[in-house]
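Below is the file structure.cif, which contains mmCIF, C-alpha atoms and all ligand atoms.
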```cif
data_work
#
loop_
_atom_site.group_PDB
_atom_site.id
_atom_site.type_symbol
_atom_site.label_atom_id
_atom_site.label_comp_id
_atom_site.auth_asym_id
_atom_site.auth_seq_id
_atom_site.Cartn_x
_atom_site.Cartn_y
_atom_site.Cartn_z
ATOM 1 C CA MET O 55 -7.566 -1.882 19.457
ATOM 2 C CA PRO O 56 -6.633 -4.020 16.462
ATOM 3 C CA ASN O 57 -4.671 -2.487 13.617
ATOM 4 C CA ALA O 58 -3.656 0.458 15.754
ATOM 5 C CA LYS O 59 -0.351 0.493 13.957
ATOM 6 C CA TYR O 60 -2.083 1.994 10.960
ATOM 7 C CA LYS O 61 -2.132 5.616 11.893
ATOM 8 C CA LEU O 62 -3.444 6.738 8.559
ATOM 9 C CA ARG O 63 -6.898 8.072 8.077
ATOM 10 C CA LYS O 64 -8.949 8.991 5.060
ATOM 11 C CA GLU O 65 -8.095 12.388 3.572
ATOM 12 C CA ASP O 66 -4.559 12.277 4.948
ATOM 13 C CA LEU O 67 -1.869 13.673 2.688
ATOM 14 C CA VAL O 68 0.731 10.977 2.227
ATOM 15 C CA GLN O 69 3.959 10.566 0.315
ATOM 16 C CA VAL O 70 5.108 7.374 -1.321
ATOM 17 C CA ILE O 71 8.476 6.341 0.071
ATOM 18 C CA ALA O 72 9.173 3.240 -2.000
ATOM 19 C CA GLY O 73 8.514 1.847 -5.442
ATOM 20 C CA LYS O 74 8.038 3.529 -8.778
ATOM 21 C CA GLU O 75 5.812 6.280 -7.391
ATOM 22 C CA ARG O 76 8.387 7.255 -4.809
ATOM 23 C CA GLY O 77 8.332 10.929 -3.833
ATOM 24 C CA LYS O 78 4.813 11.549 -5.068
ATOM 25 C CA GLN O 79 2.085 12.805 -2.807
ATOM 26 C CA GLY O 80 -1.621 12.281 -2.737
ATOM 27 C CA LYS O 81 -4.668 12.077 -0.561
ATOM 28 C CA VAL O 82 -5.772 8.839 1.027
ATOM 29 C CA LEU O 83 -9.056 7.800 -0.540
ATOM 30 C CA LYS O 84 -9.510 4.424 1.041
ATOM 31 C CA ILE O 85 -7.809 2.306 3.648
ATOM 32 C CA ASP O 86 -7.930 -1.453 3.473
ATOM 33 C CA ARG O 87 -6.845 -2.371 6.970
ATOM 34 C CA GLU O 88 -7.413 -6.050 6.420
ATOM 35 C CA ASN O 89 -4.849 -6.220 3.660
ATOM 36 C CA GLY O 90 -2.731 -3.339 4.866
ATOM 37 C CA ARG O 91 -3.198 -1.312 1.717
ATOM 38 C CA VAL O 92 -4.284 2.179 0.842
ATOM 39 C CA ILE O 93 -5.712 3.831 -2.244
ATOM 40 C CA VAL O 94 -4.113 7.203 -2.810
ATOM 41 C CA SER O 95 -5.651 9.764 -5.139
ATOM 42 C CA GLY O 96 -3.843 9.935 -8.466
ATOM 43 C CA LEU O 97 -1.095 7.522 -7.475
ATOM 44 C CA ASN O 98 -0.188 4.069 -8.688
ATOM 45 C CA MET O 99 -2.550 4.357 -11.622
ATOM 46 C CA VAL O 100 -3.180 1.245 -13.628
ATOM 47 C CA LYS O 101 -5.037 0.842 -16.869
ATOM 48 C CA LYS O 102 -8.097 -1.245 -16.601
ATOM 49 C CA ALA O 103 -10.324 -2.525 -19.319
ATOM 50 C CA MET O 104 -13.948 -1.698 -18.664
ATOM 51 C CA LYS O 105 -16.738 -3.703 -20.102
ATOM 52 C CA LYS O 106 -19.633 -2.031 -21.777
ATOM 53 C CA LYS O 107 -22.346 -1.671 -19.214
ATOM 54 C CA SER O 108 -25.019 -0.198 -21.443
ATOM 55 C CA GLN O 109 -25.701 0.978 -24.964
ATOM 56 C CA THR O 110 -24.377 4.447 -24.219
ATOM 57 C CA ASP O 111 -21.346 3.236 -22.278
ATOM 58 C CA ARG O 112 -18.457 2.854 -24.653
ATOM 59 C CA GLY O 113 -16.370 0.813 -22.251
ATOM 60 C CA GLY O 114 -12.678 0.831 -23.045
ATOM 61 C CA ILE O 115 -9.562 1.509 -21.049
ATOM 62 C CA VAL O 116 -9.666 3.623 -17.935
ATOM 63 C CA ALA O 117 -6.998 4.501 -15.416
ATOM 64 C CA VAL O 118 -7.746 3.633 -11.811
ATOM 65 C CA GLU O 119 -5.774 3.820 -8.615
ATOM 66 C CA ALA O 120 -4.281 0.524 -7.539
ATOM 67 C CA PRO O 121 -3.719 -0.149 -3.855
ATOM 68 C CA ILE O 122 -0.327 0.710 -2.376
ATOM 69 C CA HIS O 123 1.073 -1.172 0.578
ATOM 70 C CA ILE O 124 0.585 0.886 3.694
ATOM 71 C CA SER O 125 4.255 0.560 4.638
ATOM 72 C CA ASN O 126 5.185 2.309 1.393
ATOM 73 C CA VAL O 127 3.491 5.554 2.312
ATOM 74 C CA MET O 128 4.118 8.049 5.078
ATOM 75 C CA ILE O 129 1.984 10.885 6.315
ATOM 76 C CA VAL O 130 3.131 14.354 5.309
ATOM 77 C CA CYS O 131 3.497 16.933 8.064
ATOM 78 C CA LYS O 132 2.443 20.321 6.742
ATOM 79 C CA LYS O 133 4.797 22.085 9.100
ATOM 80 C CA CYS O 134 7.854 19.966 8.272
ATOM 81 C CA ASN O 135 6.662 19.803 4.664
ATOM 82 C CA LYS O 136 7.876 16.243 4.334
ATOM 83 C CA PRO O 137 6.882 12.693 5.210
ATOM 84 C CA VAL O 138 7.215 12.035 8.912
ATOM 85 C CA ARG O 139 6.520 9.394 11.491
ATOM 86 C CA ALA O 140 3.345 9.949 13.399
ATOM 87 C CA GLY O 141 2.977 9.410 17.097
ATOM 88 C CA TYR O 142 0.316 9.971 19.695
ATOM 89 C CA LYS O 143 0.224 12.511 22.417
ATOM 90 C CA ILE O 144 -2.365 13.426 25.004
ATOM 91 C CA ILE O 145 -3.302 17.066 24.530
ATOM 92 C CA ASP O 146 -6.002 18.590 26.749
ATOM 93 C CA GLY O 147 -7.015 15.085 27.806
ATOM 94 C CA LYS O 148 -7.479 13.943 24.234
ATOM 95 C CA LYS O 149 -5.351 11.552 22.278
ATOM 96 C CA LYS O 150 -3.989 13.411 19.276
ATOM 97 C CA ARG O 151 -1.937 12.206 16.368
ATOM 98 C CA VAL O 152 1.185 14.280 16.139
ATOM 99 C CA CYS O 153 4.313 14.656 14.060
ATOM 100 C CA ARG O 154 7.148 13.023 15.931
ATOM 101 C CA LYS O 155 9.524 15.622 14.598
ATOM 102 C CA CYS O 156 7.871 18.945 15.360
ATOM 103 C CA GLY O 157 4.928 17.928 17.522
ATOM 104 C CA GLU O 158 2.372 19.408 15.147
ATOM 105 C CA VAL O 159 -1.071 17.807 15.381
ATOM 106 C CA LEU O 160 -1.660 15.867 12.193
HETATM 107 ZN ZN ZN F 201 6.318 18.074 11.614
#
```

For the file at hand, write its structure as structure tokens.
Ligand SMILES: [Zn+2]
Amino acid sequence: MPNAKYKLRKEDLVQVIAGKERGKQGKVLKIDRENGRVIVSGLNMVKKAMKKKSQTDRGGIVAVEAPIHISNVMIVCKKCNKPVRAGYKIIDGKKKRVCRKCGEVL
């Protein structure tokens, strides 16, 4: 399976571990596996100028999430309550993603 190293999935709660947003948490909105980047809800906001699309649209400056490099985020284990490394474990014959620290299914 290509890109298996990216254990993140949509809706995962992640914490930023590097850069200016370090320590902040958010939900994964989008994963760009090709470029190894993720969009995390409310994080790494950048101002973007929007063009007027119609008469009623005022355009202007909006804040949007910019992609964060996937290596700069880690999944948050709800049990450990901190960013952890994820691993895989076979539970009841199924491959589950687990916290490497406490074994909790993520
Ligand atoms: Zn854990």

Counting all atoms listed in the file, what is within 10 Å of O:Ser125, bar same-chain residues fewer than 2 positions away, as a tab-separated table (two decimals) with C-alpha atoms, in the coordinates of the input?
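And here's result-v4.tsv as it stands now:
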```
chain	number	residue	atom	x	y	z
O	60	TYR	CA	-2.08	1.99	10.96
O	70	VAL	CA	5.11	7.37	-1.32
O	71	ILE	CA	8.48	6.34	0.07
O	72	ALA	CA	9.17	3.24	-2.00
O	90	GLY	CA	-2.73	-3.34	4.87
O	91	ARG	CA	-3.20	-1.31	1.72
O	92	VAL	CA	-4.28	2.18	0.84
O	122	ILE	CA	-0.33	0.71	-2.38
O	123	HIS	CA	1.07	-1.17	0.58
O	127	VAL	CA	3.49	5.55	2.31
O	128	MET	CA	4.12	8.05	5.08
```

For chain O against ligand ZN 201 (chain F), with a cut-off of 7 Å and counting all atoms listed in the file, what is the closest atom pair and its distance in Å to one decimal for every residue that makes the cut, ordered by chain and number, as a Markdown table?
```
| residue | atom | partner | partner_atom | distance |
| --- | --- | --- | --- | --- |
| O:Cys131 | CA | F:ZN201 | ZN | 4.7 |
| O:Lys132 | CA | F:ZN201 | ZN | 6.6 |
| O:Lys133 | CA | F:ZN201 | ZN | 5.0 |
| O:Cys134 | CA | F:ZN201 | ZN | 4.1 |
| O:Val138 | CA | F:ZN201 | ZN | 6.7 |
| O:Cys153 | CA | F:ZN201 | ZN | 4.7 |
| O:Arg154 | CA | F:ZN201 | ZN | 6.7 |
| O:Lys155 | CA | F:ZN201 | ZN | 5.0 |
| O:Cys156 | CA | F:ZN201 | ZN | 4.1 |
| O:Gly157 | CA | F:ZN201 | ZN | 6.1 |
| O:Glu158 | CA | F:ZN201 | ZN | 5.5 |
```

>> So that I can check the surroundings of O:Lys101, please list as a VMD selection string every protein, DNA and RNA residue that reaches within 9 Å of it, counting all atoms listed in the file and ignoring chain neighbours fewer than 3 positions away.
In response: chain O and resid 115 to 119

> Evaluating the PyMOL selection byres (((chain O and resi 86) around 12) and not hetatm) on the displayed file yields which residues, as a PyMOL selection string?
Replying inline: chain O and resi 57+60+62-64+82-85+87-94+120-124

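Separating atom CA of O:Gln79 from atom CA of O:Leu67 is a distance of 6.8 Å.
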
>> Could you check the closest approach to O:Tyr142 for each of O:Gly80, O:Ser95, O:Gly73, O:Leu160 and tell me which residue wins, using all atoms listed in the file?
In response: O:Leu160

Could you rebuild stretch 91-103 of chain O with N, CA, C and O atoms and give me the result as a short mmCIF file (atom, residue, chain, number, x, y, z; two decimals), in the coordinates of the input?
```cif
data_model
loop_
_atom_site.label_atom_id
_atom_site.label_comp_id
_atom_site.auth_asym_id
_atom_site.auth_seq_id
_atom_site.Cartn_x
_atom_site.Cartn_y
_atom_site.Cartn_z
N ARG O 91 -3.42 -2.10 2.93
CA ARG O 91 -3.20 -1.31 1.72
C ARG O 91 -4.04 -0.04 1.72
O ARG O 91 -5.06 0.02 2.37
N VAL O 92 -3.54 0.93 0.96
CA VAL O 92 -4.28 2.18 0.84
C VAL O 92 -4.44 2.55 -0.63
O VAL O 92 -3.62 2.18 -1.46
N ILE O 93 -5.51 3.26 -0.91
CA ILE O 93 -5.71 3.83 -2.24
C ILE O 93 -5.43 5.32 -2.10
O ILE O 93 -6.02 5.99 -1.26
N VAL O 94 -4.48 5.79 -2.89
CA VAL O 94 -4.11 7.20 -2.81
C VAL O 94 -4.48 7.89 -4.12
O VAL O 94 -4.14 7.41 -5.21
N SER O 95 -5.16 9.01 -3.99
CA SER O 95 -5.65 9.76 -5.14
C SER O 95 -4.55 10.08 -6.15
O SER O 95 -3.56 10.71 -5.83
N GLY O 96 -4.75 9.62 -7.37
CA GLY O 96 -3.84 9.94 -8.47
C GLY O 96 -2.54 9.17 -8.48
O GLY O 96 -1.69 9.40 -9.33
N LEU O 97 -2.36 8.26 -7.54
CA LEU O 97 -1.10 7.52 -7.48
C LEU O 97 -1.28 6.05 -7.80
O LEU O 97 -2.31 5.47 -7.53
N ASN O 98 -0.20 5.49 -8.35
CA ASN O 98 -0.19 4.07 -8.69
C ASN O 98 -1.32 3.72 -9.65
O ASN O 98 -2.02 2.73 -9.46
N MET O 99 -1.47 4.57 -10.66
CA MET O 99 -2.55 4.36 -11.62
C MET O 99 -2.26 3.14 -12.49
O MET O 99 -1.14 2.93 -12.93
N VAL O 100 -3.30 2.37 -12.71
CA VAL O 100 -3.18 1.25 -13.63
C VAL O 100 -4.31 1.33 -14.65
O VAL O 100 -5.39 1.82 -14.36
N LYS O 101 -4.01 0.85 -15.82
CA LYS O 101 -5.04 0.84 -16.87
C LYS O 101 -5.90 -0.39 -16.68
O LYS O 101 -5.43 -1.49 -16.42
N LYS O 102 -7.17 -0.16 -16.80
CA LYS O 102 -8.10 -1.25 -16.60
C LYS O 102 -9.09 -1.25 -17.74
O LYS O 102 -9.60 -0.21 -18.13
N ALA O 103 -9.35 -2.42 -18.23
CA ALA O 103 -10.32 -2.52 -19.32
C ALA O 103 -11.72 -2.60 -18.72
O ALA O 103 -12.00 -3.42 -17.86
#
```
